[in-house]
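Text of start.cif, listed as mmCIF, N, CA and C atoms:
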```cif
data_final
loop_
_atom_site.label_atom_id
_atom_site.label_comp_id
_atom_site.auth_asym_id
_atom_site.auth_seq_id
_atom_site.Cartn_x
_atom_site.Cartn_y
_atom_site.Cartn_z
N MET Q 156 -15.65 -23.12 25.93
CA MET Q 156 -15.21 -22.21 24.89
C MET Q 156 -13.92 -22.72 24.24
N THR Q 157 -12.94 -23.10 25.05
CA THR Q 157 -11.68 -23.61 24.51
C THR Q 157 -11.91 -24.86 23.68
N GLN Q 158 -12.78 -25.74 24.18
CA GLN Q 158 -13.09 -26.98 23.46
C GLN Q 158 -13.71 -26.68 22.10
N GLU Q 159 -14.60 -25.68 22.06
CA GLU Q 159 -15.25 -25.29 20.80
C GLU Q 159 -14.23 -24.75 19.81
N LEU Q 160 -13.32 -23.92 20.29
CA LEU Q 160 -12.29 -23.36 19.40
C LEU Q 160 -11.37 -24.46 18.86
N LEU Q 161 -10.99 -25.39 19.71
CA LEU Q 161 -10.15 -26.50 19.25
C LEU Q 161 -10.87 -27.35 18.22
N GLN Q 162 -12.16 -27.56 18.43
CA GLN Q 162 -12.95 -28.32 17.45
C GLN Q 162 -13.00 -27.59 16.11
N ARG Q 163 -13.18 -26.27 16.16
CA ARG Q 163 -13.22 -25.48 14.92
C ARG Q 163 -11.86 -25.48 14.22
N LEU Q 164 -10.78 -25.55 15.00
CA LEU Q 164 -9.45 -25.65 14.40
C LEU Q 164 -9.30 -26.97 13.65
N ARG Q 165 -9.90 -28.01 14.17
CA ARG Q 165 -9.80 -29.33 13.52
C ARG Q 165 -10.68 -29.43 12.28
N THR Q 166 -11.86 -28.83 12.30
CA THR Q 166 -12.82 -29.06 11.21
C THR Q 166 -13.10 -27.85 10.34
N ALA Q 167 -12.79 -26.65 10.78
CA ALA Q 167 -13.09 -25.40 10.06
C ALA Q 167 -14.57 -25.26 9.78
N ALA Q 168 -15.40 -25.71 10.71
CA ALA Q 168 -16.85 -25.63 10.55
C ALA Q 168 -17.29 -24.17 10.43
N GLY Q 169 -18.11 -23.89 9.43
CA GLY Q 169 -18.65 -22.56 9.24
C GLY Q 169 -17.68 -21.55 8.65
N GLN Q 170 -16.56 -22.01 8.11
CA GLN Q 170 -15.56 -21.10 7.57
C GLN Q 170 -16.04 -20.47 6.27
N SER Q 171 -15.91 -19.16 6.17
CA SER Q 171 -16.30 -18.46 4.94
C SER Q 171 -15.21 -18.64 3.86
N ARG Q 172 -15.57 -18.34 2.63
CA ARG Q 172 -14.60 -18.44 1.53
C ARG Q 172 -13.44 -17.48 1.72
N SER Q 173 -13.74 -16.26 2.18
CA SER Q 173 -12.67 -15.29 2.37
C SER Q 173 -11.73 -15.73 3.49
N ALA Q 174 -12.28 -16.32 4.54
CA ALA Q 174 -11.43 -16.82 5.63
C ALA Q 174 -10.56 -17.98 5.13
N ARG Q 175 -11.10 -18.77 4.22
CA ARG Q 175 -10.32 -19.88 3.64
C ARG Q 175 -9.11 -19.34 2.88
N THR Q 176 -9.28 -18.23 2.16
CA THR Q 176 -8.14 -17.66 1.43
C THR Q 176 -7.06 -17.18 2.39
N VAL Q 177 -7.47 -16.62 3.52
CA VAL Q 177 -6.51 -16.18 4.53
C VAL Q 177 -5.78 -17.40 5.11
N GLU Q 178 -6.52 -18.46 5.38
CA GLU Q 178 -5.89 -19.68 5.89
C GLU Q 178 -4.87 -20.23 4.91
N VAL Q 179 -5.24 -20.30 3.63
CA VAL Q 179 -4.31 -20.82 2.62
C VAL Q 179 -3.05 -19.96 2.55
N PHE Q 180 -3.21 -18.63 2.58
CA PHE Q 180 -2.05 -17.74 2.58
C PHE Q 180 -1.16 -18.03 3.79
N GLY Q 181 -1.78 -18.31 4.94
CA GLY Q 181 -1.02 -18.67 6.13
C GLY Q 181 -0.25 -19.96 5.96
N TRP Q 182 -0.89 -20.96 5.34
CA TRP Q 182 -0.19 -22.23 5.10
C TRP Q 182 1.01 -22.03 4.18
N ILE Q 183 0.87 -21.14 3.20
CA ILE Q 183 2.00 -20.85 2.30
C ILE Q 183 3.14 -20.24 3.10
N MET Q 184 2.82 -19.28 3.97
CA MET Q 184 3.87 -18.67 4.80
C MET Q 184 4.50 -19.72 5.73
N LEU Q 185 3.66 -20.58 6.30
CA LEU Q 185 4.20 -21.63 7.17
C LEU Q 185 5.10 -22.60 6.41
N ALA Q 186 4.78 -22.86 5.15
CA ALA Q 186 5.62 -23.74 4.34
C ALA Q 186 6.96 -23.09 3.99
N GLU Q 187 6.95 -21.77 3.79
CA GLU Q 187 8.19 -21.06 3.45
C GLU Q 187 9.11 -20.89 4.65
N ALA Q 188 8.52 -20.72 5.82
CA ALA Q 188 9.28 -20.37 7.02
C ALA Q 188 10.43 -21.34 7.34
N PRO Q 189 10.22 -22.65 7.33
CA PRO Q 189 11.34 -23.54 7.68
C PRO Q 189 12.52 -23.43 6.71
N PHE Q 190 12.24 -23.18 5.45
CA PHE Q 190 13.33 -23.03 4.48
C PHE Q 190 14.16 -21.80 4.79
N VAL Q 191 13.48 -20.69 5.08
CA VAL Q 191 14.19 -19.45 5.40
C VAL Q 191 14.94 -19.61 6.71
N LEU Q 192 14.34 -20.28 7.66
CA LEU Q 192 14.93 -20.47 8.98
C LEU Q 192 16.13 -21.43 8.94
N LEU Q 193 16.00 -22.53 8.21
CA LEU Q 193 17.02 -23.58 8.24
C LEU Q 193 18.01 -23.52 7.09
N ALA Q 194 17.64 -22.90 5.99
CA ALA Q 194 18.54 -22.86 4.82
C ALA Q 194 18.57 -21.46 4.21
N PRO Q 195 19.01 -20.46 4.97
CA PRO Q 195 18.95 -19.09 4.46
C PRO Q 195 19.81 -18.87 3.22
N GLN Q 196 20.97 -19.50 3.15
CA GLN Q 196 21.83 -19.32 1.98
C GLN Q 196 21.17 -19.85 0.71
N GLU Q 197 20.52 -20.99 0.81
CA GLU Q 197 19.87 -21.60 -0.35
C GLU Q 197 18.68 -20.75 -0.80
N VAL Q 198 17.92 -20.23 0.15
CA VAL Q 198 16.78 -19.37 -0.19
C VAL Q 198 17.28 -18.09 -0.84
N ALA Q 199 18.35 -17.53 -0.31
CA ALA Q 199 18.93 -16.32 -0.89
C ALA Q 199 19.38 -16.58 -2.33
N ALA Q 200 20.00 -17.71 -2.57
CA ALA Q 200 20.44 -18.06 -3.93
C ALA Q 200 19.23 -18.24 -4.85
N LEU Q 201 18.18 -18.88 -4.35
CA LEU Q 201 16.96 -19.07 -5.13
C LEU Q 201 16.34 -17.74 -5.54
N LEU Q 202 16.43 -16.75 -4.65
CA LEU Q 202 15.88 -15.42 -4.93
C LEU Q 202 16.89 -14.52 -5.66
N HIS Q 203 18.03 -15.10 -6.06
CA HIS Q 203 19.09 -14.37 -6.77
C HIS Q 203 19.64 -13.22 -5.94
N LEU Q 204 19.77 -13.47 -4.64
CA LEU Q 204 20.36 -12.50 -3.73
C LEU Q 204 21.84 -12.81 -3.61
N PRO Q 205 22.66 -11.83 -3.27
CA PRO Q 205 24.08 -12.11 -3.05
C PRO Q 205 24.25 -13.05 -1.86
N ALA Q 206 25.39 -13.72 -1.83
CA ALA Q 206 25.68 -14.63 -0.71
C ALA Q 206 25.58 -13.86 0.60
N LEU Q 207 25.00 -14.49 1.60
CA LEU Q 207 24.78 -13.85 2.89
C LEU Q 207 26.00 -14.06 3.80
N SER Q 208 26.39 -13.01 4.48
CA SER Q 208 27.40 -13.16 5.53
C SER Q 208 26.76 -13.95 6.67
N GLU Q 209 27.57 -14.35 7.64
CA GLU Q 209 27.02 -15.11 8.76
C GLU Q 209 25.97 -14.29 9.51
N GLN Q 210 26.25 -13.02 9.72
CA GLN Q 210 25.30 -12.15 10.43
C GLN Q 210 24.02 -11.97 9.61
N ALA Q 211 24.15 -11.76 8.30
CA ALA Q 211 22.98 -11.59 7.44
C ALA Q 211 22.16 -12.87 7.41
N ALA Q 212 22.81 -14.03 7.38
CA ALA Q 212 22.09 -15.31 7.40
C ALA Q 212 21.29 -15.44 8.69
N ASN Q 213 21.86 -14.99 9.80
CA ASN Q 213 21.14 -15.07 11.07
C ASN Q 213 19.94 -14.11 11.09
N TYR Q 214 20.10 -12.93 10.51
CA TYR Q 214 18.95 -12.02 10.40
C TYR Q 214 17.89 -12.60 9.48
N PHE Q 215 18.32 -13.26 8.43
CA PHE Q 215 17.39 -13.92 7.51
C PHE Q 215 16.62 -15.01 8.25
N ARG Q 216 17.32 -15.72 9.15
CA ARG Q 216 16.66 -16.74 9.97
C ARG Q 216 15.57 -16.11 10.85
N LEU Q 217 15.87 -14.92 11.38
CA LEU Q 217 14.85 -14.22 12.18
C LEU Q 217 13.63 -13.90 11.33
N VAL Q 218 13.85 -13.54 10.07
CA VAL Q 218 12.74 -13.31 9.15
C VAL Q 218 11.93 -14.59 9.00
N GLY Q 219 12.61 -15.73 8.91
CA GLY Q 219 11.91 -17.01 8.83
C GLY Q 219 11.07 -17.28 10.06
N LEU Q 220 11.59 -16.93 11.21
CA LEU Q 220 10.83 -17.09 12.46
C LEU Q 220 9.60 -16.20 12.46
N LEU Q 221 9.76 -14.94 12.05
CA LEU Q 221 8.61 -14.03 11.96
C LEU Q 221 7.60 -14.51 10.91
N LEU Q 222 8.10 -15.01 9.80
CA LEU Q 222 7.23 -15.53 8.75
C LEU Q 222 6.38 -16.69 9.28
N GLY Q 223 7.01 -17.56 10.05
CA GLY Q 223 6.27 -18.67 10.64
C GLY Q 223 5.21 -18.20 11.63
N GLY Q 224 5.55 -17.20 12.44
CA GLY Q 224 4.59 -16.66 13.39
C GLY Q 224 3.40 -16.02 12.69
N LEU Q 225 3.68 -15.24 11.65
CA LEU Q 225 2.59 -14.64 10.88
C LEU Q 225 1.76 -15.71 10.18
N GLY Q 226 2.44 -16.73 9.66
CA GLY Q 226 1.72 -17.82 9.02
C GLY Q 226 0.76 -18.49 9.97
N MET Q 227 1.21 -18.74 11.20
CA MET Q 227 0.35 -19.35 12.21
C MET Q 227 -0.84 -18.44 12.52
N LEU Q 228 -0.59 -17.14 12.62
CA LEU Q 228 -1.67 -16.19 12.88
C LEU Q 228 -2.71 -16.23 11.76
N TYR Q 229 -2.26 -16.27 10.52
CA TYR Q 229 -3.17 -16.32 9.38
C TYR Q 229 -3.93 -17.64 9.35
N VAL Q 230 -3.25 -18.75 9.60
CA VAL Q 230 -3.91 -20.06 9.58
C VAL Q 230 -5.00 -20.12 10.65
N VAL Q 231 -4.66 -19.78 11.87
CA VAL Q 231 -5.63 -19.87 12.97
C VAL Q 231 -6.78 -18.89 12.76
N SER Q 232 -6.46 -17.66 12.36
CA SER Q 232 -7.53 -16.67 12.14
C SER Q 232 -8.45 -17.09 11.01
N GLY Q 233 -7.89 -17.62 9.93
CA GLY Q 233 -8.72 -18.09 8.83
C GLY Q 233 -9.53 -19.30 9.22
N ARG Q 234 -8.90 -20.21 9.92
CA ARG Q 234 -9.58 -21.44 10.34
C ARG Q 234 -10.75 -21.15 11.27
N LEU Q 235 -10.58 -20.15 12.14
CA LEU Q 235 -11.64 -19.79 13.09
C LEU Q 235 -12.62 -18.77 12.51
N ASP Q 236 -12.46 -18.46 11.23
CA ASP Q 236 -13.35 -17.53 10.54
C ASP Q 236 -13.39 -16.17 11.24
N ALA Q 237 -12.21 -15.68 11.60
CA ALA Q 237 -12.11 -14.38 12.27
C ALA Q 237 -12.28 -13.28 11.23
N ARG Q 238 -13.53 -12.88 11.03
CA ARG Q 238 -13.86 -11.94 9.95
C ARG Q 238 -13.17 -10.59 10.11
N GLY Q 239 -12.96 -10.16 11.34
CA GLY Q 239 -12.23 -8.91 11.57
C GLY Q 239 -10.80 -9.02 11.06
N PHE Q 240 -10.18 -10.18 11.28
CA PHE Q 240 -8.82 -10.39 10.79
C PHE Q 240 -8.80 -10.44 9.27
N VAL Q 241 -9.79 -11.10 8.68
CA VAL Q 241 -9.88 -11.16 7.22
C VAL Q 241 -9.95 -9.75 6.66
N PHE Q 242 -10.81 -8.93 7.23
CA PHE Q 242 -10.95 -7.55 6.78
C PHE Q 242 -9.65 -6.78 6.98
N ALA Q 243 -9.04 -6.92 8.14
CA ALA Q 243 -7.78 -6.22 8.42
C ALA Q 243 -6.69 -6.63 7.43
N SER Q 244 -6.68 -7.90 7.05
CA SER Q 244 -5.67 -8.36 6.10
C SER Q 244 -5.87 -7.73 4.72
N MET Q 245 -7.12 -7.37 4.40
CA MET Q 245 -7.38 -6.70 3.12
C MET Q 245 -6.96 -5.22 3.17
N LEU Q 246 -6.73 -4.69 4.34
CA LEU Q 246 -6.21 -3.33 4.48
C LEU Q 246 -4.68 -3.34 4.50
N ASP Q 247 -4.10 -4.38 5.05
CA ASP Q 247 -2.66 -4.46 5.23
C ASP Q 247 -1.93 -4.94 3.98
N ARG Q 248 -2.38 -6.04 3.40
CA ARG Q 248 -1.64 -6.66 2.30
C ARG Q 248 -1.52 -5.81 1.04
N PRO Q 249 -2.49 -4.95 0.70
CA PRO Q 249 -2.29 -4.09 -0.49
C PRO Q 249 -1.16 -3.07 -0.31
N LEU Q 250 -0.74 -2.81 0.91
CA LEU Q 250 0.35 -1.87 1.14
C LEU Q 250 1.73 -2.47 0.83
N VAL Q 251 1.82 -3.78 0.85
CA VAL Q 251 3.11 -4.46 0.69
C VAL Q 251 3.82 -4.07 -0.61
N PRO Q 252 3.16 -4.05 -1.79
CA PRO Q 252 3.88 -3.67 -3.00
C PRO Q 252 4.49 -2.26 -2.92
N PHE Q 253 3.77 -1.33 -2.32
CA PHE Q 253 4.28 0.04 -2.20
C PHE Q 253 5.47 0.10 -1.24
N ILE Q 254 5.37 -0.63 -0.15
CA ILE Q 254 6.47 -0.67 0.82
C ILE Q 254 7.69 -1.34 0.20
N MET Q 255 7.47 -2.44 -0.52
CA MET Q 255 8.58 -3.13 -1.18
C MET Q 255 9.23 -2.24 -2.24
N ALA Q 256 8.41 -1.49 -2.98
CA ALA Q 256 8.96 -0.58 -3.99
C ALA Q 256 9.83 0.49 -3.33
N ALA Q 257 9.37 1.02 -2.21
CA ALA Q 257 10.15 2.04 -1.50
C ALA Q 257 11.45 1.45 -0.96
N LEU Q 258 11.37 0.26 -0.39
CA LEU Q 258 12.58 -0.38 0.13
C LEU Q 258 13.57 -0.69 -0.98
N TRP Q 259 13.07 -1.15 -2.12
CA TRP Q 259 13.94 -1.40 -3.27
C TRP Q 259 14.56 -0.10 -3.78
N TYR Q 260 13.75 0.94 -3.92
CA TYR Q 260 14.21 2.23 -4.43
C TYR Q 260 15.34 2.79 -3.57
N HIS Q 261 15.26 2.61 -2.27
CA HIS Q 261 16.28 3.12 -1.36
C HIS Q 261 17.43 2.13 -1.15
N GLY Q 262 17.43 1.03 -1.90
CA GLY Q 262 18.53 0.08 -1.84
C GLY Q 262 18.55 -0.78 -0.58
N ILE Q 263 17.43 -0.88 0.09
CA ILE Q 263 17.37 -1.66 1.33
C ILE Q 263 17.07 -3.13 1.03
N VAL Q 264 16.23 -3.36 0.03
CA VAL Q 264 15.82 -4.72 -0.34
C VAL Q 264 16.14 -4.92 -1.82
N PRO Q 265 16.75 -6.05 -2.18
CA PRO Q 265 17.03 -6.31 -3.60
C PRO Q 265 15.74 -6.52 -4.40
N ALA Q 266 15.80 -6.21 -5.66
CA ALA Q 266 14.63 -6.28 -6.54
C ALA Q 266 13.93 -7.64 -6.52
N PRO Q 267 14.66 -8.78 -6.63
CA PRO Q 267 13.94 -10.06 -6.64
C PRO Q 267 13.11 -10.31 -5.38
N LEU Q 268 13.65 -9.93 -4.25
CA LEU Q 268 12.92 -10.14 -3.00
C LEU Q 268 11.70 -9.21 -2.92
N ALA Q 269 11.89 -7.95 -3.30
CA ALA Q 269 10.78 -7.00 -3.31
C ALA Q 269 9.69 -7.47 -4.26
N LEU Q 270 10.07 -7.94 -5.43
CA LEU Q 270 9.10 -8.42 -6.42
C LEU Q 270 8.36 -9.65 -5.91
N PHE Q 271 9.08 -10.56 -5.27
CA PHE Q 271 8.46 -11.77 -4.73
C PHE Q 271 7.35 -11.42 -3.73
N PHE Q 272 7.67 -10.55 -2.77
CA PHE Q 272 6.67 -10.18 -1.77
C PHE Q 272 5.53 -9.39 -2.38
N ALA Q 273 5.84 -8.49 -3.30
CA ALA Q 273 4.80 -7.67 -3.93
C ALA Q 273 3.81 -8.54 -4.71
N VAL Q 274 4.33 -9.48 -5.47
CA VAL Q 274 3.46 -10.33 -6.29
C VAL Q 274 2.65 -11.28 -5.41
N SER Q 275 3.28 -11.90 -4.43
CA SER Q 275 2.55 -12.88 -3.61
C SER Q 275 1.46 -12.20 -2.78
N ASP Q 276 1.75 -11.03 -2.23
CA ASP Q 276 0.73 -10.35 -1.44
C ASP Q 276 -0.39 -9.80 -2.31
N THR Q 277 -0.06 -9.28 -3.49
CA THR Q 277 -1.09 -8.77 -4.40
C THR Q 277 -2.02 -9.90 -4.86
N ALA Q 278 -1.43 -11.03 -5.23
CA ALA Q 278 -2.25 -12.16 -5.67
C ALA Q 278 -3.14 -12.67 -4.54
N SER Q 279 -2.59 -12.79 -3.36
CA SER Q 279 -3.38 -13.34 -2.26
C SER Q 279 -4.48 -12.39 -1.81
N VAL Q 280 -4.21 -11.10 -1.75
CA VAL Q 280 -5.26 -10.17 -1.32
C VAL Q 280 -6.32 -10.03 -2.40
N SER Q 281 -5.95 -10.18 -3.65
CA SER Q 281 -6.95 -10.14 -4.73
C SER Q 281 -7.90 -11.32 -4.60
N TRP Q 282 -7.36 -12.48 -4.28
CA TRP Q 282 -8.18 -13.68 -4.08
C TRP Q 282 -9.10 -13.49 -2.87
N THR Q 283 -8.57 -12.96 -1.78
CA THR Q 283 -9.40 -12.72 -0.59
C THR Q 283 -10.51 -11.72 -0.89
N PHE Q 284 -10.17 -10.63 -1.57
CA PHE Q 284 -11.15 -9.61 -1.89
C PHE Q 284 -12.26 -10.17 -2.79
N ALA Q 285 -11.88 -10.97 -3.79
CA ALA Q 285 -12.89 -11.57 -4.67
C ALA Q 285 -13.83 -12.48 -3.89
N ALA Q 286 -13.28 -13.28 -2.98
CA ALA Q 286 -14.12 -14.18 -2.16
C ALA Q 286 -15.01 -13.36 -1.23
N TRP Q 287 -14.46 -12.31 -0.65
CA TRP Q 287 -15.23 -11.45 0.26
C TRP Q 287 -16.39 -10.79 -0.47
N ARG Q 288 -16.14 -10.29 -1.68
CA ARG Q 288 -17.22 -9.67 -2.48
C ARG Q 288 -18.28 -10.70 -2.86
N ALA Q 289 -17.84 -11.89 -3.25
CA ALA Q 289 -18.79 -12.93 -3.63
C ALA Q 289 -19.69 -13.32 -2.46
N GLU Q 290 -19.14 -13.34 -1.26
CA GLU Q 290 -19.93 -13.66 -0.07
C GLU Q 290 -21.02 -12.61 0.18
N ARG Q 291 -20.77 -11.42 -0.27
CA ARG Q 291 -21.71 -10.32 -0.06
C ARG Q 291 -22.51 -10.01 -1.32
N GLY Q 292 -22.51 -10.93 -2.26
CA GLY Q 292 -23.28 -10.76 -3.49
C GLY Q 292 -22.79 -9.60 -4.37
N GLY Q 293 -21.50 -9.33 -4.30
CA GLY Q 293 -20.91 -8.28 -5.11
C GLY Q 293 -20.91 -6.92 -4.44
N ARG Q 294 -21.56 -6.81 -3.26
CA ARG Q 294 -21.56 -5.54 -2.53
C ARG Q 294 -20.22 -5.36 -1.82
N THR Q 295 -19.73 -4.13 -1.75
CA THR Q 295 -18.47 -3.88 -1.06
C THR Q 295 -18.67 -3.43 0.37
N ALA Q 296 -19.90 -3.13 0.77
CA ALA Q 296 -20.17 -2.72 2.15
C ALA Q 296 -21.47 -3.34 2.63
N ASP Q 297 -21.51 -3.64 3.91
CA ASP Q 297 -22.76 -4.18 4.49
C ASP Q 297 -23.59 -3.10 5.11
#
```
Could I get this file's structure written as structure tokens?
Amino acid sequence: MTQELLQRLRTAAGQSRSARTVEVFGWIMLAEAPFVLLAPQEVAALLHLPALSEQAANYFRLVGLLLGGLGMLYVVSGRLDARGFVFASMLDRPLVPFIMAALWYHGIVPAPLALFFAVSDTASVSWTFAAWRAERGGRTAD
């Protein structure tokens, strides 16, 4: 069983289109994570955030660590064609814009950061949903 899973990680044999979108989203998160982890001040400046205090930079680094962990989860789940995870991600990711709007409204998250997460999650879940529907011939339920 372990050997089969490792082989599927290497080749993505039998991967559905919707699982591929989840994998790609994971690779994007994995690519972002080292920058947030290793260069929090530069990432904050890129997102037009105020300069981070030392403590805030360390919390931002923790976000980078979490981002990398989630990225790995998305990559492996997509690569292994974990259809339950693909479906769960279509329930979770559409909530991000609403959560970001609430966090921005209450002054917890600055607008550029909220907008970044809202747009990236909306675009990625739209791509996953389109691939999922196409796999089912346009049907939304099996």
Query raised in the report: Using only C-alpha atoms, which residues sit within 12 Å of Ala257 of chain Q once same-chain residues fewer than 6 positions away are excluded, as a VMD selection string?
Result: chain Q and resid 250 to 251 263 to 266 269 to 270 273
Report task. Using all atoms listed in the file, find the one residue out of Q:Ala194, Q:Val231, Q:Met184, Q:Ala278 that sits nearest to Arg216 of chain Q. Result -> Q:Ala194
Picked residues, the PyMOL selection byres ((chain Q and resi 283) around 7), as an mmCIF file with N, CA and C atoms, keeping the file's coordinate frame:
```cif
data_model
loop_
_atom_site.group_PDB
_atom_site.id
_atom_site.type_symbol
_atom_site.label_atom_id
_atom_site.label_comp_id
_atom_site.auth_asym_id
_atom_site.auth_seq_id
_atom_site.Cartn_x
_atom_site.Cartn_y
_atom_site.Cartn_z
ATOM 1 N N ARG Q 172 -15.570 -18.340 2.630
ATOM 2 C CA ARG Q 172 -14.600 -18.440 1.530
ATOM 3 C C ARG Q 172 -13.440 -17.480 1.720
ATOM 4 N N SER Q 173 -13.740 -16.260 2.180
ATOM 5 C CA SER Q 173 -12.670 -15.290 2.370
ATOM 6 C C SER Q 173 -11.730 -15.730 3.490
ATOM 7 N N ALA Q 174 -12.280 -16.320 4.540
ATOM 8 C CA ALA Q 174 -11.430 -16.820 5.630
ATOM 9 C C ALA Q 174 -10.560 -17.980 5.130
ATOM 10 N N THR Q 176 -9.280 -18.230 2.160
ATOM 11 C CA THR Q 176 -8.140 -17.660 1.430
ATOM 12 C C THR Q 176 -7.060 -17.180 2.390
ATOM 13 N N VAL Q 177 -7.470 -16.620 3.520
ATOM 14 C CA VAL Q 177 -6.510 -16.180 4.530
ATOM 15 C C VAL Q 177 -5.780 -17.400 5.110
ATOM 16 N N ALA Q 278 -1.430 -11.030 -5.230
ATOM 17 C CA ALA Q 278 -2.250 -12.160 -5.670
ATOM 18 C C ALA Q 278 -3.140 -12.670 -4.540
ATOM 19 N N SER Q 279 -2.590 -12.790 -3.360
ATOM 20 C CA SER Q 279 -3.380 -13.340 -2.260
ATOM 21 C C SER Q 279 -4.480 -12.390 -1.810
ATOM 22 N N VAL Q 280 -4.210 -11.100 -1.750
ATOM 23 C CA VAL Q 280 -5.260 -10.170 -1.320
ATOM 24 C C VAL Q 280 -6.320 -10.030 -2.400
ATOM 25 N N SER Q 281 -5.950 -10.180 -3.650
ATOM 26 C CA SER Q 281 -6.950 -10.140 -4.730
ATOM 27 C C SER Q 281 -7.900 -11.320 -4.600
ATOM 28 N N TRP Q 282 -7.360 -12.480 -4.280
ATOM 29 C CA TRP Q 282 -8.180 -13.680 -4.080
ATOM 30 C C TRP Q 282 -9.100 -13.490 -2.870
ATOM 31 N N PHE Q 284 -10.170 -10.630 -1.570
ATOM 32 C CA PHE Q 284 -11.150 -9.610 -1.890
ATOM 33 C C PHE Q 284 -12.260 -10.170 -2.790
ATOM 34 N N ALA Q 285 -11.880 -10.970 -3.790
ATOM 35 C CA ALA Q 285 -12.890 -11.570 -4.670
ATOM 36 C C ALA Q 285 -13.830 -12.480 -3.890
ATOM 37 N N ALA Q 286 -13.280 -13.280 -2.980
ATOM 38 C CA ALA Q 286 -14.120 -14.180 -2.160
ATOM 39 C C ALA Q 286 -15.010 -13.360 -1.230
ATOM 40 N N TRP Q 287 -14.460 -12.310 -0.650
ATOM 41 C CA TRP Q 287 -15.230 -11.450 0.260
ATOM 42 C C TRP Q 287 -16.390 -10.790 -0.470
ATOM 43 N N ARG Q 288 -16.140 -10.290 -1.680
ATOM 44 C CA ARG Q 288 -17.220 -9.670 -2.480
ATOM 45 C C ARG Q 288 -18.280 -10.700 -2.860
#
```
Requested in this report: Figure out the distance between atom C of His261 of chain Q and atom N of Leu222 of chain Q, please, to one decimal in Å.
Outcome: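 Pair atom N of Leu222 of chain Q / atom C of His261 of chain Q returns 22.4 Å.
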**Report entry** Sel. within 6.5 Å of pt (22.3, -19.1, 2.9), counting only N, CA and C atoms, output as a list in words
**Finding:** Ala194, Pro195, Gln196, Glu197, Val198, Ala199, Ala200, Leu207 and Ala212 of chain Q
Based on the selection just made, write N, CA and C atoms of those residues as a PDB file, keeping the file's coordinate frame.
```pdb
ATOM      1  N   ALA Q 194      17.640 -22.900   5.990  1.00  0.00           N
ATOM      2  CA  ALA Q 194      18.540 -22.860   4.820  1.00  0.00           C
ATOM      3  C   ALA Q 194      18.570 -21.460   4.210  1.00  0.00           C
ATOM      4  N   PRO Q 195      19.010 -20.460   4.970  1.00  0.00           N
ATOM      5  CA  PRO Q 195      18.950 -19.090   4.460  1.00  0.00           C
ATOM      6  C   PRO Q 195      19.810 -18.870   3.220  1.00  0.00           C
ATOM      7  N   GLN Q 196      20.970 -19.500   3.150  1.00  0.00           N
ATOM      8  CA  GLN Q 196      21.830 -19.320   1.980  1.00  0.00           C
ATOM      9  C   GLN Q 196      21.170 -19.850   0.710  1.00  0.00           C
ATOM     10  N   GLU Q 197      20.520 -20.990   0.810  1.00  0.00           N
ATOM     11  CA  GLU Q 197      19.870 -21.600  -0.350  1.00  0.00           C
ATOM     12  C   GLU Q 197      18.680 -20.750  -0.800  1.00  0.00           C
ATOM     13  N   VAL Q 198      17.920 -20.230   0.150  1.00  0.00           N
ATOM     14  CA  VAL Q 198      16.780 -19.370  -0.190  1.00  0.00           C
ATOM     15  C   VAL Q 198      17.280 -18.090  -0.840  1.00  0.00           C
ATOM     16  N   ALA Q 199      18.350 -17.530  -0.310  1.00  0.00           N
ATOM     17  CA  ALA Q 199      18.930 -16.320  -0.890  1.00  0.00           C
ATOM     18  C   ALA Q 199      19.380 -16.580  -2.330  1.00  0.00           C
ATOM     19  N   ALA Q 200      20.000 -17.710  -2.570  1.00  0.00           N
ATOM     20  CA  ALA Q 200      20.440 -18.060  -3.930  1.00  0.00           C
ATOM     21  C   ALA Q 200      19.230 -18.240  -4.850  1.00  0.00           C
ATOM     22  N   LEU Q 207      25.000 -14.490   1.600  1.00  0.00           N
ATOM     23  CA  LEU Q 207      24.780 -13.850   2.890  1.00  0.00           C
ATOM     24  C   LEU Q 207      26.000 -14.060   3.800  1.00  0.00           C
ATOM     25  N   ALA Q 212      22.810 -14.030   7.380  1.00  0.00           N
ATOM     26  CA  ALA Q 212      22.090 -15.310   7.400  1.00  0.00           C
ATOM     27  C   ALA Q 212      21.290 -15.440   8.690  1.00  0.00           C
TER      28      ALA Q 212
END
```
Requested in this report: Report the distance between atom CA of Gly292 of chain Q and atom CA of Arg165 of chain Q in Å, rounded to one decimal place.
Outcome: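 A separation of 28.6 Å between them.
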Query raised in the report: Which of these residues is nearest to Glu187 of chain Q, using only C-alpha atoms: Q:Leu246, Q:Leu160, Q:Leu221, Q:Val241?
Result: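 Going through Q:Leu246, Q:Leu160, Q:Leu221, Q:Val241 one by one, the smallest distance to Glu187 of chain Q is for Q:Leu221.
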Query raised in the report: Quick one: of Q:Pro249, Q:Leu217, Q:Ala289, Q:Met255, who's nearest to Asp276 of chain Q, counting all atoms listed in the file?
Result: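 Checking each of Q:Pro249, Q:Leu217, Q:Ala289, Q:Met255 against Asp276 of chain Q, counting all atoms listed in the file, the winner is Q:Pro249.
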Query raised in the report: Please, which residues of chain Q, numbered as in this document, come out alpha helix (DSSP H) from DSSP, as a VMD selection string?
Result: chain Q and resid 157 to 166 172 to 193 195 to 201 209 to 234 238 to 247 251 to 260 266 to 290
Report summary line: Correct to one decimal, the distance atom CA of Ala256 of chain Q-atom CA of Glu209 of chain Q is 26.5 Å
**Report entry** the PyMOL selection byres (((chain Q and resi 163 and name CA) around 12) and name CA) resolved against shown file, as a list in words
**Finding:**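 Applying the PyMOL selection byres (((chain Q and resi 163 and name CA) around 12) and name CA) to the structure shown produces Met156, Thr157, Gln158, Glu159, Leu160, Leu161, Gln162, Leu164, Arg165, Thr166, Ala167, Ala168, Gly169, Gln170, Val231, Ser232, Gly233, Arg234, Leu235, Asp236 and Ala237 of chain Q.
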Kindly provide, as JSON, the centre and edge lengths (Å, one decimal) of an axis-aligned box around all atoms of segment 234-245 of chain Q given in the file, with 8 Å on each side.
```
{"center_x": -9.8, "center_y": -13.3, "center_z": 8.1, "size_x": 24.2, "size_y": 32.2, "size_z": 26.0}
```
Query raised in the report: With only N, CA and C atoms as the atoms that count, which of Q:Gly224, Q:Glu290, Q:Tyr260, Q:Val191 lies nearest to Ser171 of chain Q?
Result: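 Among the listed residues, the smallest separation from Ser171 of chain Q belongs to Q:Glu290.
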